[in-house]
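Asker: Coordinates in protein27.txt, compact mmCIF, C-alpha atoms, are listed below.
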```txt
# COMPACT_ATOMS: atom_id res chain seq x y z
CA MET A 1 19.38 162.60 48.59
CA ASP A 2 17.83 166.05 48.20
CA ARG A 3 16.40 166.04 44.67
CA THR A 4 16.77 169.82 44.36
CA LYS A 5 20.54 169.63 44.94
CA LEU A 6 20.86 166.83 42.41
CA LEU A 7 18.89 168.82 39.82
CA GLN A 8 21.00 171.93 40.51
CA ALA A 9 24.21 169.91 40.13
CA ARG A 10 23.02 168.49 36.81
CA ALA A 11 21.94 171.95 35.59
CA LEU A 12 25.43 173.36 36.21
CA LEU A 13 26.90 170.93 33.67
CA GLU A 14 23.95 170.52 31.32
CA ASN A 15 25.44 172.56 28.48
CA LEU A 16 29.16 172.28 29.29
CA THR A 17 31.74 169.85 27.98
CA PRO A 18 35.46 169.52 28.72
CA MET A 19 36.34 171.32 25.48
CA TYR A 20 34.71 173.99 23.35
CA ARG A 21 34.13 171.32 20.71
CA ASP A 22 32.97 167.74 20.93
CA CYS A 23 35.95 165.92 22.42
CA GLY A 24 34.33 162.62 21.39
CA HIS A 25 35.49 163.32 17.85
CA ILE A 26 39.11 163.19 19.02
CA CYS A 27 38.98 159.73 20.59
CA GLY A 28 35.94 158.20 18.90
CA ALA A 29 33.87 158.62 22.10
CA LEU A 30 35.89 155.97 23.93
CA CYS A 31 34.43 157.02 27.28
CA CYS A 32 30.99 156.06 25.95
CA GLN A 33 31.98 152.59 24.80
CA PRO A 34 31.75 149.37 26.81
CA ASP A 35 35.00 147.58 27.57
CA GLU A 36 36.20 144.43 25.81
CA ASP A 37 33.88 142.33 27.99
CA GLY A 38 30.89 144.39 26.92
CA LYS A 39 30.69 145.89 30.39
CA GLY A 40 31.32 149.33 31.71
CA GLY A 41 29.08 152.18 32.48
CA VAL A 42 28.70 154.82 35.10
CA PHE A 43 27.43 154.76 38.66
CA LEU A 44 24.25 156.72 39.22
CA PHE A 45 24.07 159.28 41.98
CA PRO A 46 21.38 158.66 44.62
CA GLY A 47 18.01 159.61 43.15
CA GLU A 48 19.33 160.00 39.62
CA GLU A 49 17.71 156.84 38.23
CA ASP A 50 14.44 158.50 37.22
CA MET A 51 16.26 161.47 35.66
CA VAL A 52 18.28 159.35 33.24
CA ARG A 53 15.91 156.49 32.46
CA GLY A 54 15.16 155.92 28.80
CA ASP A 55 15.16 153.28 26.09
CA TRP A 56 18.74 154.27 25.16
CA ALA A 57 20.25 152.82 28.35
CA GLU A 58 20.05 149.98 30.80
CA ILE A 59 20.11 150.49 34.57
CA SER A 60 21.12 147.61 36.76
CA PRO A 61 22.09 147.06 40.39
CA VAL A 62 25.78 146.56 41.07
CA GLU A 63 27.03 144.96 44.26
CA GLY A 64 29.77 146.98 45.82
CA GLY A 65 28.69 150.15 44.05
CA PRO A 66 28.38 153.44 45.93
CA GLY A 67 25.07 154.47 47.39
CA GLU A 68 22.31 152.27 46.05
CA GLY A 69 24.76 150.60 43.70
CA LEU A 70 23.04 151.38 40.41
CA MET A 71 24.91 151.54 37.13
CA LEU A 72 23.83 152.85 33.75
CA THR A 73 25.20 151.27 30.59
CA CYS A 74 24.49 152.35 27.05
CA ALA A 75 25.59 151.60 23.51
CA GLY A 76 27.50 154.86 23.14
CA GLN A 77 24.57 157.03 22.10
CA CYS A 78 22.66 158.97 24.71
CA GLN A 79 19.96 161.50 25.10
CA ARG A 80 22.31 164.33 26.13
CA ASP A 81 19.79 165.87 28.52
CA ARG A 82 19.46 162.53 30.31
CA ARG A 83 23.12 161.53 30.59
CA PRO A 84 24.25 160.70 34.11
CA LEU A 85 26.10 163.22 36.23
CA GLY A 86 29.10 160.87 36.22
CA CYS A 87 29.25 161.26 32.43
CA MET A 88 28.85 165.02 32.71
CA ILE A 89 31.97 165.40 34.89
CA PHE A 90 34.20 162.89 33.03
CA PRO A 91 37.24 162.84 32.75
CA LEU A 92 37.21 164.37 36.23
CA THR A 93 36.38 162.70 39.50
CA PRO A 94 35.76 164.18 42.94
CA GLU A 95 38.05 163.89 45.94
CA VAL A 96 36.65 164.53 49.40
CA ASP A 97 38.90 165.30 52.36
CA GLU A 98 38.18 164.37 55.98
CA GLU A 99 36.26 167.62 56.55
CA GLY A 100 34.06 167.04 53.49
CA HIS A 101 35.76 169.63 51.26
CA VAL A 102 35.66 168.66 47.59
CA SER A 103 38.33 169.00 44.93
CA MET A 104 38.54 167.54 41.45
CA ARG A 105 41.21 165.45 39.76
CA PHE A 106 41.47 163.27 36.70
CA ASP A 107 39.64 159.96 36.93
CA ALA A 108 42.27 157.19 36.90
CA ARG A 109 40.05 155.18 34.57
CA ALA A 110 40.38 157.97 31.98
CA ARG A 111 44.12 157.39 31.53
CA PRO A 112 43.87 154.75 28.81
CA LEU A 113 40.86 156.41 27.15
CA CYS A 114 41.03 160.16 27.21
CA PRO A 115 43.57 162.10 25.14
CA LEU A 116 42.66 165.26 27.07
CA LEU A 117 44.80 164.07 29.98
CA ARG A 118 47.98 164.82 27.99
CA ASN A 119 47.43 168.54 28.55
CA GLY A 120 46.59 168.29 32.24
CA LEU A 121 43.75 170.14 33.89
CA MET A 122 44.62 173.28 31.94
CA GLY A 123 43.61 171.38 28.78
CA LEU A 124 40.01 171.43 30.00
CA ARG A 125 37.72 174.44 29.81
CA GLN A 126 37.98 176.51 32.97
CA ASP A 127 34.20 176.95 33.16
CA PHE A 128 33.78 173.17 32.85
CA ARG A 129 36.27 172.53 35.68
CA GLN A 130 34.54 175.13 37.88
CA ALA A 131 31.04 173.79 37.16
CA ALA A 132 32.14 170.22 37.90
CA LEU A 133 33.59 171.35 41.24
CA GLU A 134 30.45 173.33 42.13
CA ALA A 135 28.24 170.38 41.18
CA MET A 136 30.21 168.01 43.42
CA GLU A 137 30.16 170.57 46.26
CA LEU A 138 26.36 170.61 45.98
CA ILE A 139 26.29 166.81 46.14
CA ALA A 140 28.67 166.81 49.12
CA SER A 141 26.45 169.30 50.99
CA ASP A 142 23.84 166.51 51.31
CA PRO A 143 24.74 163.76 53.84
CA GLU A 144 23.69 160.97 51.48
CA GLY A 145 25.52 162.66 48.62
CA LEU A 146 28.68 163.02 50.71
CA ALA A 147 28.56 159.32 51.64
CA PHE A 148 28.09 158.46 47.96
CA LEU A 149 31.11 160.56 46.94
CA ARG A 150 33.28 158.92 49.60
CA GLU A 151 32.27 155.43 48.41
CA TRP A 152 32.75 156.41 44.76
CA GLU A 153 36.22 157.75 45.54
CA ALA A 154 37.19 154.55 47.34
CA ILE A 155 36.05 152.45 44.37
CA GLU A 156 37.72 154.74 41.83
CA ARG A 157 40.98 154.70 43.84
CA GLN A 158 41.22 150.96 43.16
CA TYR A 159 42.10 151.93 39.59
CA ASP A 160 44.68 154.47 40.66
CA PHE A 161 48.19 153.10 40.84
CA LYS A 162 51.69 154.44 40.71
CA LEU A 163 54.37 152.93 38.52
```
Take the structure in the file and write it out as structure tokens.
Answerer:
Amino acid sequence: MDRTKLLQARALLENLTPMYRDCGHICGALCCQPDEDGKGGVFLFPGEEDMVRGDWAEISPVEGGPGEGLMLTCAGQCQRDRRPLGCMIFPLTPEVDEEGHVSMRFDARARPLCPLLRNGLMGLRQDFRQAALEAMELIASDPEGLAFLREWEAIERQYDFKL
């Protein structure tokens, strides 16, 4: 994947969060915690491994993951400037239509974790929503990035169900 596009996407969200305050104080940073099996984490975008590497996290290959299938796990404390792009856009996730146009929606995996979902998309900062969309449009403008987003969406959709 084009490193410049990845860096630009990360820069768009570098200093933005879903709320004007630290939303981790509301839920106890549940999105940063491993699940009951001690697993969890976030998929890394193609080429992102070197940008996020540090002694605060572990990167491991994951079969069936999008792109190169790399996942970052941490103990809930990160170096903010090195957090993965997947963390930067949470609780949103990209959707890509057949023509490659990107939109954003709530990540189905956020439902049991994130209290921000109660207020819908309007409960998130507008500049955060716009930056997340622009970042994913940048990723989708790269063929490898578009393929990654399509695979990520397919995996994430496994968690999406209707009652």
Asker: Could you tell me how far atom CA of A:Gly47 lies from atom CA of A:Arg109, in Å and to one decimal?
Answerer: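 We find that atom CA of A:Gly47 and atom CA of A:Arg109 lie 24.1 Å from each other.
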Asker: Show which residues sit within 9 Å of A:Arg105, as a list in words. Count only C-alpha atoms, and ignore same-chain residues fewer than 2 positions away.
Answerer: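 Listing them by chain and then by number gives Pro91, Leu92, Thr93, Pro94, Glu95, Ser103, Asp107, Ala108 and Leu121 of chain A.
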Asker: For atom CA of A:Ile155 and atom CA of A:Leu124, determine how far apart the two atoms are, in Å to one decimal place.
Answerer: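 Rounded to one decimal, the two atoms are 24.1 Å apart.
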Asker: At a cut-off of 7 Å around the point (34.1, 169.0, 44.8) (file coordinates), what residues fall inside when counting only C-alpha atoms? I'd like the answer as a PyMOL selection string.
Answerer: chain A and resi 94-96+101-104+133-134+136-137
Asker: Let me make sure I understand: among A:Ala75, A:Phe45, A:Ile26, A:Cys114, which one has the smallest atom-to-atom distance to A:Leu146 if we use all atoms listed in the file?
Answerer: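 Distance minimum relative to A:Leu146 lands on A:Phe45.
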Asker: In Å, with one decimal, what is the gap from atom CA of A:Gly145 to atom CA of A:Arg10?
Answerer: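 Rounded to one decimal, the two atoms are 13.4 Å apart.
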Asker: Mind working out the centre and edge lengths of an axis-aligned box for stretch 27-37 of chain A, all listed atoms inside, 4 Å added to each side, rounded to one decimal in Å and written as JSON?
Answerer:
```
{"center_x": 35.0, "center_y": 151.0, "center_z": 23.4, "size_x": 16.0, "size_y": 25.4, "size_z": 17.1}
```
Asker: Between A:Phe106, A:Gln158, A:Glu151, A:Cys23, which has the minimum distance to A:Ile89 (counting all atoms listed in the file)?
Answerer: A:Phe106
Asker: Between A:Ala131, A:Val62, A:Thr73, A:Trp152, which is the closest to A:Gln8 once you count only C-alpha atoms?
Answerer: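 For A:Gln8, the nearest of the candidates is A:Ala131.
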Asker: Just checking: using only C-alpha atoms, which residue out of A:Asn119, A:Asn15, A:Asp97, A:Gly41 ends up closest to A:Ala140?
Answerer: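 Closest to A:Ala140 of all the choices is A:Asp97.
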Asker: Choose the residue, out of A:Gly120, A:Pro18, A:Gly54, A:Pro115, that has the smallest atom-to-atom separation from A:Cys78; count all atoms listed in the file.
Answerer: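 Closest to A:Cys78, using all atoms listed in the file: A:Gly54.
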Asker: Set the distance at 8 Å and use only C-alpha atoms: which residues neighbour A:Glu49 once local chain neighbours fewer than 4 positions away are removed? I'd like the list as a PyMOL selection string.
Answerer: chain A and resi 44-45+53+59+70
Asker: Please list as an mmCIF file with C-alpha atoms, in the coordinates of the input every residue within 8 Å of A:Asp142, counting only C-alpha atoms and excluding residues in the same chain fewer than 4 positions away.
Answerer:
```cif
data_model
loop_
_atom_site.group_PDB
_atom_site.id
_atom_site.type_symbol
_atom_site.label_atom_id
_atom_site.label_comp_id
_atom_site.auth_asym_id
_atom_site.auth_seq_id
_atom_site.Cartn_x
_atom_site.Cartn_y
_atom_site.Cartn_z
ATOM 1 C CA MET A 1 19.380 162.600 48.590
ATOM 2 C CA ASP A 2 17.830 166.050 48.200
ATOM 3 C CA LYS A 5 20.540 169.630 44.940
ATOM 4 C CA LEU A 138 26.360 170.610 45.980
ATOM 5 C CA LEU A 146 28.680 163.020 50.710
#
```
Asker: What's the 12 Å shell around A:Leu72, counting all atoms listed in the file, without same-chain residues fewer than 2 positions away, as a PDB file with C-alpha atoms, keeping the file's coordinate frame?
Answerer:
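Output file result22.pdb is given in full below:
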```
ATOM      1  CA  CYS A  32      30.990 156.060  25.950  1.00  0.00           C
ATOM      2  CA  PRO A  34      31.750 149.370  26.810  1.00  0.00           C
ATOM      3  CA  LYS A  39      30.690 145.890  30.390  1.00  0.00           C
ATOM      4  CA  GLY A  40      31.320 149.330  31.710  1.00  0.00           C
ATOM      5  CA  GLY A  41      29.080 152.180  32.480  1.00  0.00           C
ATOM      6  CA  VAL A  42      28.700 154.820  35.100  1.00  0.00           C
ATOM      7  CA  PHE A  43      27.430 154.760  38.660  1.00  0.00           C
ATOM      8  CA  LEU A  44      24.250 156.720  39.220  1.00  0.00           C
ATOM      9  CA  PHE A  45      24.070 159.280  41.980  1.00  0.00           C
ATOM     10  CA  GLU A  48      19.330 160.000  39.620  1.00  0.00           C
ATOM     11  CA  GLU A  49      17.710 156.840  38.230  1.00  0.00           C
ATOM     12  CA  ASP A  50      14.440 158.500  37.220  1.00  0.00           C
ATOM     13  CA  MET A  51      16.260 161.470  35.660  1.00  0.00           C
ATOM     14  CA  VAL A  52      18.280 159.350  33.240  1.00  0.00           C
ATOM     15  CA  ARG A  53      15.910 156.490  32.460  1.00  0.00           C
ATOM     16  CA  GLY A  54      15.160 155.920  28.800  1.00  0.00           C
ATOM     17  CA  ASP A  55      15.160 153.280  26.090  1.00  0.00           C
ATOM     18  CA  TRP A  56      18.740 154.270  25.160  1.00  0.00           C
ATOM     19  CA  ALA A  57      20.250 152.820  28.350  1.00  0.00           C
ATOM     20  CA  GLU A  58      20.050 149.980  30.800  1.00  0.00           C
ATOM     21  CA  ILE A  59      20.110 150.490  34.570  1.00  0.00           C
ATOM     22  CA  SER A  60      21.120 147.610  36.760  1.00  0.00           C
ATOM     23  CA  PRO A  61      22.090 147.060  40.390  1.00  0.00           C
ATOM     24  CA  VAL A  62      25.780 146.560  41.070  1.00  0.00           C
ATOM     25  CA  GLY A  65      28.690 150.150  44.050  1.00  0.00           C
ATOM     26  CA  GLY A  69      24.760 150.600  43.700  1.00  0.00           C
ATOM     27  CA  LEU A  70      23.040 151.380  40.410  1.00  0.00           C
ATOM     28  CA  CYS A  74      24.490 152.350  27.050  1.00  0.00           C
ATOM     29  CA  ALA A  75      25.590 151.600  23.510  1.00  0.00           C
ATOM     30  CA  GLY A  76      27.500 154.860  23.140  1.00  0.00           C
ATOM     31  CA  CYS A  78      22.660 158.970  24.710  1.00  0.00           C
ATOM     32  CA  ARG A  82      19.460 162.530  30.310  1.00  0.00           C
ATOM     33  CA  ARG A  83      23.120 161.530  30.590  1.00  0.00           C
ATOM     34  CA  PRO A  84      24.250 160.700  34.110  1.00  0.00           C
ATOM     35  CA  LEU A  85      26.100 163.220  36.230  1.00  0.00           C
ATOM     36  CA  GLY A  86      29.100 160.870  36.220  1.00  0.00           C
ATOM     37  CA  CYS A  87      29.250 161.260  32.430  1.00  0.00           C
TER      38      CYS A  87
END
```
Asker: For each of A:Gly28, A:Asp81, A:Met19, A:Ala9, take the minimum atom-to-atom distance to A:Phe128, counting all atoms listed in the file, then give the residue where this is smallest.
Answerer: A:Met19
